[in-house]
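Enquirer: Structure in structure tokens, see below.
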Amino acid sequence: MDHIQGLTEQEVLKRRELGEGNDVKLKTSRSYKDIIFHALFNLVHVVLFVLGTGFILMGRWSDAFNSAGLILVNVTIQIVQEIRAKHKLDEIAVLSRPRITVVREGEEKEVAQEEVVRGDVIVVRPGDQMVVDGPVLEGKAEIDESLLTGESDAVIKTPDDEVLSGSFCISGSALYRADKVGEESFANRLTATAREFKVHKTPLQRRIDYIIRLLTLLAIFFGSLLFIGAFLNGSPTVVSMQSAAVIAGLIPVGLFFITIVSYALGAVRLLDKGALIQVTNAVESLSNVDILCTDKTGTLTANRIEYKDVVPLAGLDKVEVERALGDFARSASVTNKTSQALIDGVEGAQLPVADEVPFSSKLKWSAVAFDHGDRHGAYVMGAMEMLEPYLGDIEALKPVVRKLSEQGLRVLIFARNEEVTQLHAPGGDDPILPSLTPIGVISFGDQLRDHVQETIEDFREAGVTLKVISGDNPETVAALAKQAGLGDDIKLVSGPELATMNDAEFAQAAEESSIFGRITPDQKERLVEALQGAGHYVAMIGDGVNDVLSLKKANLGVSMESGSAATRGVADIILLGDSFGAMGPAFREGQRIVSGMQGITWLYVARILSAAMVMASVAIMGLHTPFVPPNMALYAMLTVGIPTILMALWSHPRRDVDTSLPTTLYFAVPAAFLTGILGVIIYAVTYYLVQDGLVTVTITPEMMDHVSKFLGYAITTEEATRDAAATLVARSALTPFVIFTGLFLINFASPTFNVFAVFTEKIDDKRMFWISLVMFVAYFAIATIEPLRKFYGLLPMPILIYGIIGVLALIWFGVIWFAYKRQVLSNFLDGEK
């Protein structure tokens, strides 16, 4: 190396000024801007922020909080969770950040990767990562390019061979020149199109967003009608109160809150299991996956192989052959994965070596010659097809090799010639092998990551199809797939075969095949796209730069912690400690979230449609608005606010959960329709009972001032006083009725007793039943305690009115039970009798 001086410091500064530095900013995680922008800005959030601003201008601070305030809480939870994930990823990136040794002015110097410039001479030793591209100047090194190509076999690099950024040195040493730096390097060009982060909404999120948009339009429609009606009736002073009551009550702000809380709880749970959630919806997204694509190298395997067994030949016993293997592996100058497996698996000693041929991907064999008292001769280990010319008759070997290969094992031949101690011709560099006698058939297995087989079985039972997409030989990948438990009925296809197919044939191969070998990064991306085009929800697991494009294209991207920074940056989930076993808990956590959100969505839509039906029915009768904001707040708190938070906490994983819009409407519409009919009966009956003097209610001046505040104008006449009193009593009667029906709905959505299990299946956890009873008691506590009753705009009610409420609530229960049991709405819409 003495004759290679490298650049001078002045040359380095000049090239940096010319923009020839390796200055690409590595994207180790999402930016703060990405996180905040995607959390804060979407159509529904903007609508609610505008409404919140309107409430503030009207002086309705509580309503502003109930709309825009809760959204800000949701956004804060989401941002905090995703920033936590960002910080964790940035810490991982710092720990794995390579330091580069360069030669400058004839001396080695360690620099950061961004300090490398074009023309720098870089020193490569075992364990070093390449950060730029360029030709080898001197030396010989064995390079692992699996993160770039998916090919697990190492490549020998000699002078004039090009090394690529993102690869690693396994053995040997070399000097290479930095020719392509920054954006021009192979790894950066490969990931350039994946730098822009994009959030994929899950099916559940899209359905919830659709429902919220519909309900928001409904709220705006009702609010606009009231606004116009108030002006036409010459009552502009009540516009603020009535519009606030409708809009605040009909927009399901809490549904945003519960969704984000569910995602955040899932992320916290999974962090303890070894899965870091970078995007809040990733856990729920996993429950929708029906095809899981995974790389082989570094994903299913731990990038290590293990010695399994040796079948002794030539009359030798197993102990003698294993001892020879142990000496062979320990004496070689270069240790690769295969020799390390032998060192770990068999006994032996390091002996003096007379000559050696290190393993290379070109030769597919390695050899060591001994001239020592304890061991003499040439020993060779390699693939049977590569050693066949030197082995003589191998017919007896083929059945042994075939049987082991069918078990998914890697098989090598161990052979010797006890007379030869030199493996090169005098003065020559090319190796020369003598005739050999096979003495053993060695079997190796790829060391699978922990819990791989159990996780694959979990996914299979859940109906998820596994497809292995690798840069390796298809036969090698198939052998590993069998070892991992994919079964024997797997169909293989190679990248070159795919390259000859038209679009239809390509799509068919993507659908029917399980193993894909010799696949390029572009083909990986195209395979994911083809599967999505066939209606599949696709997850992609990878660790290399060659996986970046397909991870970004997939509905859900999963990366190993040890993977490239680019891969971690675009992934939705990162498996800490490369724990593939975290995928099982993550999948069940996604099922748990979807299971909880099913009932939560039903309850929110039912509550809002019920309130809308009551408002519409009362408006048709020409009576005052049936709710004011405090009434709606109490209704929401007891029927969805507190119960749905607990439902999210206590939900259990379930398969085949139906969160579709039709099913949601089949649950909500009958309840809303009946609540509208019976609710207006309660409202009208109590209103006219008080108006006609049949029921006497004592209303103090203080209470009338309270009513005036809600109405927005002062009550001065006796008629107005009686009308206001009747309206307040009617609202005080209607509020408990809708609360009681809402508590019944909790039990229909989460049935713990057979009597309630008429719309969905029964669950064993009875906590939601007890919560509904607690909410029932809570209402009466609020109705009894005067400050709370006053805060929620209620009056103490005569027993007669409570009796009417109770009778109609029981009628409501009976009719709804029948409607759910007989599936009245779905049968009606389907035209069935």
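Residue numbering restarts at 1 in every chain; chains get A, B, ... in the order shown in the structure tokens, and ligands count up from 1 in that same order.
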Which residues of segment 733-757 of chain A come within 10 Å of segment 678-693 of chain A, and what is each one's closest atom pair and distance in Å (one decimal), counting only C-alpha atoms, sorted by chain and residue number, as JSON lines?
Expert:
```
{"residue": "A:Ala733", "atom": "CA", "partner": "A:Tyr683", "partner_atom": "CA", "distance": 6.8}
{"residue": "A:Leu734", "atom": "CA", "partner": "A:Tyr683", "partner_atom": "CA", "distance": 5.8}
{"residue": "A:Thr735", "atom": "CA", "partner": "A:Gly679", "partner_atom": "CA", "distance": 9.1}
{"residue": "A:Phe737", "atom": "CA", "partner": "A:Gly679", "partner_atom": "CA", "distance": 7.2}
{"residue": "A:Val738", "atom": "CA", "partner": "A:Gly679", "partner_atom": "CA", "distance": 7.3}
```
Enquirer: Could you name the residues that touch segment 557-559 of chain A at 6 Å or less, counting only C-alpha atoms, but leaving out those on the same chain fewer than 3 positions away, as a ChimeraX atom specification?
Expert: /A:539-543,551,568,571-574
Enquirer: Between atom CA of Thr663 of chain A and atom CA of Tyr210 of chain A, measure the distance and give it in Å to one decimal.
Expert: 14.2 Å
Enquirer: Can you tell me which residues surround Lys762 of chain A at a distance of at most 7 Å, considering only C-alpha atoms, apart from same-chain residues fewer than 6 positions away, and format the answer as a ChimeraX atom specification?
Expert: /A:751-754
Enquirer: Do you know which residues are at most 9 Å from Pro434 of chain A counting only C-alpha atoms, after dropping those on the same chain fewer than 6 positions away, and could you put them as a ChimeraX atom specification?
Expert: /A:378,390,416-417,420,423
Enquirer: Just the residues within 7 Å of segment 332-337 of chain A, please, counting only C-alpha atoms, with nothing from its chain fewer than 3 positions along; format it as a VMD selection string.
Expert: chain A and resid 171 304 to 305 328 to 329 340 to 341 358 368
Enquirer: Could you save the residues just selected, with all heavy atoms, as a short mmCIF file (atom, residue, chain, number, x, y, z; two decimals), in the first residue's frame?
Expert:
```
data_model
loop_
_atom_site.label_atom_id
_atom_site.label_comp_id
_atom_site.auth_asym_id
_atom_site.auth_seq_id
_atom_site.Cartn_x
_atom_site.Cartn_y
_atom_site.Cartn_z
N SER A 171 -14.36 -11.19 4.23
CA SER A 171 -12.99 -11.62 4.51
C SER A 171 -12.06 -10.97 3.51
O SER A 171 -12.47 -10.41 2.49
CB SER A 171 -12.88 -13.15 4.43
OG SER A 171 -13.17 -13.59 3.11
N ARG A 304 -27.00 -17.04 9.12
CA ARG A 304 -26.04 -18.03 9.63
C ARG A 304 -26.53 -19.41 9.21
O ARG A 304 -27.73 -19.63 9.06
CB ARG A 304 -25.94 -17.97 11.16
CG ARG A 304 -25.35 -16.69 11.70
CD ARG A 304 -25.11 -16.79 13.19
NE ARG A 304 -26.34 -17.00 13.93
CZ ARG A 304 -27.14 -16.02 14.35
NH1 ARG A 304 -26.84 -14.77 14.07
NH2 ARG A 304 -28.24 -16.28 15.03
N ILE A 305 -25.55 -20.32 9.02
CA ILE A 305 -25.94 -21.70 8.76
C ILE A 305 -25.39 -22.56 9.89
O ILE A 305 -24.46 -22.15 10.61
CB ILE A 305 -25.43 -22.20 7.39
CG1 ILE A 305 -23.90 -22.18 7.33
CG2 ILE A 305 -26.01 -21.39 6.26
CD1 ILE A 305 -23.34 -22.77 6.06
N PHE A 328 -9.94 -29.06 9.18
CA PHE A 328 -10.05 -28.34 7.90
C PHE A 328 -10.57 -26.91 8.13
O PHE A 328 -10.00 -25.94 7.63
CB PHE A 328 -10.98 -29.13 6.99
CG PHE A 328 -11.29 -28.47 5.68
CD1 PHE A 328 -10.48 -28.68 4.57
CD2 PHE A 328 -12.40 -27.65 5.53
CE1 PHE A 328 -10.76 -28.07 3.35
CE2 PHE A 328 -12.69 -27.04 4.33
CZ PHE A 328 -11.87 -27.25 3.23
N ALA A 329 -11.66 -26.78 8.87
CA ALA A 329 -12.29 -25.47 9.06
C ALA A 329 -11.42 -24.54 9.89
O ALA A 329 -11.31 -23.34 9.60
CB ALA A 329 -13.65 -25.65 9.73
N GLN A 340 -17.46 -21.53 9.66
CA GLN A 340 -17.82 -21.18 11.04
C GLN A 340 -18.83 -22.17 11.60
O GLN A 340 -18.77 -22.53 12.79
CB GLN A 340 -18.40 -19.76 11.09
CG GLN A 340 -18.66 -19.26 12.51
CD GLN A 340 -17.40 -19.19 13.35
OE1 GLN A 340 -16.40 -18.59 12.93
NE2 GLN A 340 -17.42 -19.80 14.52
N ALA A 341 -19.74 -22.64 10.76
CA ALA A 341 -20.70 -23.65 11.21
C ALA A 341 -19.99 -24.94 11.60
O ALA A 341 -20.35 -25.60 12.58
CB ALA A 341 -21.73 -23.92 10.11
N PRO A 358 -8.90 -20.64 -1.06
CA PRO A 358 -10.09 -20.18 -0.34
C PRO A 358 -11.36 -20.37 -1.18
O PRO A 358 -11.31 -20.43 -2.42
CB PRO A 358 -9.82 -18.69 -0.11
CG PRO A 358 -8.35 -18.53 -0.30
CD PRO A 358 -7.96 -19.55 -1.32
N VAL A 368 -7.71 -27.24 1.45
CA VAL A 368 -6.57 -27.01 2.35
C VAL A 368 -5.66 -28.24 2.24
O VAL A 368 -6.13 -29.38 2.33
CB VAL A 368 -7.02 -26.81 3.81
CG1 VAL A 368 -5.80 -26.70 4.72
CG2 VAL A 368 -7.89 -25.58 3.94
#
```
Enquirer: Can you list every residue of segment 529-644 of chain A that has an atom at most 9 Å from segment 257-263 of chain A, with its nearest atom pair and the distance in Å to one decimal, using only C-alpha atoms, ordered by chain then number, as a Markdown table?
Expert:
```
| residue | atom | partner | partner_atom | distance |
| --- | --- | --- | --- | --- |
| A:Gly590 | CA | A:Tyr263 | CA | 8.8 |
| A:Ile593 | CA | A:Ser262 | CA | 6.3 |
| A:Gly596 | CA | A:Ser262 | CA | 8.4 |
| A:Met597 | CA | A:Thr259 | CA | 7.3 |
| A:Ile600 | CA | A:Ile258 | CA | 8.2 |
| A:Gly641 | CA | A:Ile258 | CA | 8.8 |
| A:Thr644 | CA | A:Ile258 | CA | 7.2 |
```
Enquirer: Could you name the residues that touch segment 777-784 of chain A at 9 Å or less, counting only C-alpha atoms, but leaving out those on the same chain fewer than 6 positions away, as a PDB file with all heavy atoms, in the first residue's frame?
Expert:
```pdb
ATOM      1  N   LEU A 634     -73.857  14.939  27.665  1.00  0.00           N
ATOM      2  CA  LEU A 634     -74.160  13.857  28.611  1.00  0.00           C
ATOM      3  C   LEU A 634     -74.512  12.572  27.863  1.00  0.00           C
ATOM      4  O   LEU A 634     -74.048  11.473  28.239  1.00  0.00           O
ATOM      5  CB  LEU A 634     -75.326  14.277  29.511  1.00  0.00           C
ATOM      6  CG  LEU A 634     -75.754  13.253  30.562  1.00  0.00           C
ATOM      7  CD1 LEU A 634     -74.617  12.973  31.543  1.00  0.00           C
ATOM      8  CD2 LEU A 634     -77.008  13.745  31.313  1.00  0.00           C
ATOM      9  N   LEU A 638     -72.037   9.136  28.333  1.00  0.00           N
ATOM     10  CA  LEU A 638     -72.479   7.902  28.980  1.00  0.00           C
ATOM     11  C   LEU A 638     -72.671   6.753  27.999  1.00  0.00           C
ATOM     12  O   LEU A 638     -72.571   5.587  28.395  1.00  0.00           O
ATOM     13  CB  LEU A 638     -73.791   8.154  29.738  1.00  0.00           C
ATOM     14  CG  LEU A 638     -73.713   9.134  30.909  1.00  0.00           C
ATOM     15  CD1 LEU A 638     -75.066   9.230  31.615  1.00  0.00           C
ATOM     16  CD2 LEU A 638     -72.639   8.724  31.909  1.00  0.00           C
ATOM     17  N   PRO A 736     -82.715  11.104  29.189  1.00  0.00           N
ATOM     18  CA  PRO A 736     -82.536   9.756  29.756  1.00  0.00           C
ATOM     19  C   PRO A 736     -83.037   8.645  28.831  1.00  0.00           C
ATOM     20  O   PRO A 736     -82.470   7.551  28.827  1.00  0.00           O
ATOM     21  CB  PRO A 736     -83.342   9.795  31.054  1.00  0.00           C
ATOM     22  CG  PRO A 736     -84.283  10.915  30.914  1.00  0.00           C
ATOM     23  CD  PRO A 736     -83.586  11.924  30.057  1.00  0.00           C
ATOM     24  N   ILE A 739     -80.329   7.941  26.429  1.00  0.00           N
ATOM     25  CA  ILE A 739     -79.217   7.335  27.159  1.00  0.00           C
ATOM     26  C   ILE A 739     -79.501   5.859  27.437  1.00  0.00           C
ATOM     27  O   ILE A 739     -78.646   4.992  27.223  1.00  0.00           O
ATOM     28  CB  ILE A 739     -78.938   8.100  28.473  1.00  0.00           C
ATOM     29  CG1 ILE A 739     -78.300   9.461  28.152  1.00  0.00           C
ATOM     30  CG2 ILE A 739     -78.026   7.290  29.395  1.00  0.00           C
ATOM     31  CD1 ILE A 739     -78.139  10.361  29.359  1.00  0.00           C
ATOM     32  N   LYS A 790     -77.860  20.646  36.920  1.00  0.00           N
ATOM     33  CA  LYS A 790     -77.936  21.989  36.351  1.00  0.00           C
ATOM     34  C   LYS A 790     -76.917  22.168  35.220  1.00  0.00           C
ATOM     35  O   LYS A 790     -77.217  22.751  34.173  1.00  0.00           O
ATOM     36  CB  LYS A 790     -77.688  23.009  37.454  1.00  0.00           C
ATOM     37  CG  LYS A 790     -77.741  24.460  36.993  1.00  0.00           C
ATOM     38  CD  LYS A 790     -77.494  25.379  38.166  1.00  0.00           C
ATOM     39  CE  LYS A 790     -77.459  26.842  37.713  1.00  0.00           C
ATOM     40  NZ  LYS A 790     -77.182  27.749  38.849  1.00  0.00           N
ATOM     41  N   TYR A 792     -75.806  19.980  33.175  1.00  0.00           N
ATOM     42  CA  TYR A 792     -76.225  19.281  31.971  1.00  0.00           C
ATOM     43  C   TYR A 792     -77.611  19.701  31.490  1.00  0.00           C
ATOM     44  O   TYR A 792     -78.181  19.074  30.597  1.00  0.00           O
ATOM     45  CB  TYR A 792     -76.175  17.770  32.190  1.00  0.00           C
ATOM     46  CG  TYR A 792     -74.759  17.237  32.212  1.00  0.00           C
ATOM     47  CD1 TYR A 792     -74.190  16.789  33.394  1.00  0.00           C
ATOM     48  CD2 TYR A 792     -73.990  17.211  31.061  1.00  0.00           C
ATOM     49  CE1 TYR A 792     -72.881  16.305  33.425  1.00  0.00           C
ATOM     50  CE2 TYR A 792     -72.687  16.742  31.082  1.00  0.00           C
ATOM     51  CZ  TYR A 792     -72.135  16.292  32.261  1.00  0.00           C
ATOM     52  OH  TYR A 792     -70.848  15.823  32.287  1.00  0.00           O
ATOM     53  N   LEU A 794     -80.689  19.783  32.957  1.00  0.00           N
ATOM     54  CA  LEU A 794     -81.796  18.881  33.269  1.00  0.00           C
ATOM     55  C   LEU A 794     -82.622  19.401  34.434  1.00  0.00           C
ATOM     56  O   LEU A 794     -82.157  20.221  35.243  1.00  0.00           O
ATOM     57  CB  LEU A 794     -81.250  17.478  33.614  1.00  0.00           C
ATOM     58  CG  LEU A 794     -80.383  16.792  32.556  1.00  0.00           C
ATOM     59  CD1 LEU A 794     -79.854  15.478  33.093  1.00  0.00           C
ATOM     60  CD2 LEU A 794     -81.173  16.584  31.268  1.00  0.00           C
ATOM     61  N   LEU A 795     -83.867  18.916  34.520  1.00  0.00           N
ATOM     62  CA  LEU A 795     -84.760  19.215  35.634  1.00  0.00           C
ATOM     63  C   LEU A 795     -85.055  17.928  36.402  1.00  0.00           C
ATOM     64  O   LEU A 795     -85.012  16.833  35.825  1.00  0.00           O
ATOM     65  CB  LEU A 795     -86.090  19.783  35.125  1.00  0.00           C
ATOM     66  CG  LEU A 795     -86.110  21.230  34.644  1.00  0.00           C
ATOM     67  CD1 LEU A 795     -87.508  21.568  34.154  1.00  0.00           C
ATOM     68  CD2 LEU A 795     -85.698  22.174  35.756  1.00  0.00           C
ATOM     69  N   PRO A 796     -85.391  18.035  37.689  1.00  0.00           N
ATOM     70  CA  PRO A 796     -85.874  16.841  38.399  1.00  0.00           C
ATOM     71  C   PRO A 796     -87.217  16.421  37.813  1.00  0.00           C
ATOM     72  O   PRO A 796     -88.080  17.255  37.552  1.00  0.00           O
ATOM     73  CB  PRO A 796     -86.001  17.315  39.851  1.00  0.00           C
ATOM     74  CG  PRO A 796     -86.086  18.805  39.772  1.00  0.00           C
ATOM     75  CD  PRO A 796     -85.313  19.211  38.570  1.00  0.00           C
ATOM     76  N   MET A 797     -87.390  15.128  37.582  1.00  0.00           N
ATOM     77  CA  MET A 797     -88.556  14.639  36.852  1.00  0.00           C
ATOM     78  C   MET A 797     -89.547  13.951  37.772  1.00  0.00           C
ATOM     79  O   MET A 797     -89.164  13.209  38.675  1.00  0.00           O
ATOM     80  CB  MET A 797     -88.089  13.627  35.799  1.00  0.00           C
ATOM     81  CG  MET A 797     -87.032  14.208  34.885  1.00  0.00           C
ATOM     82  SD  MET A 797     -87.779  15.020  33.537  1.00  0.00           S
ATOM     83  CE  MET A 797     -88.147  13.574  32.615  1.00  0.00           C
TER      84      MET A 797
END
```
Enquirer: Mind the document's chain letters and residue numbers, and return as a VMD selection string the residues of segment 517-563 of chain A that DSSP labels strand (DSSP E).
Expert: chain A and resid 517 538 to 542 556 to 560
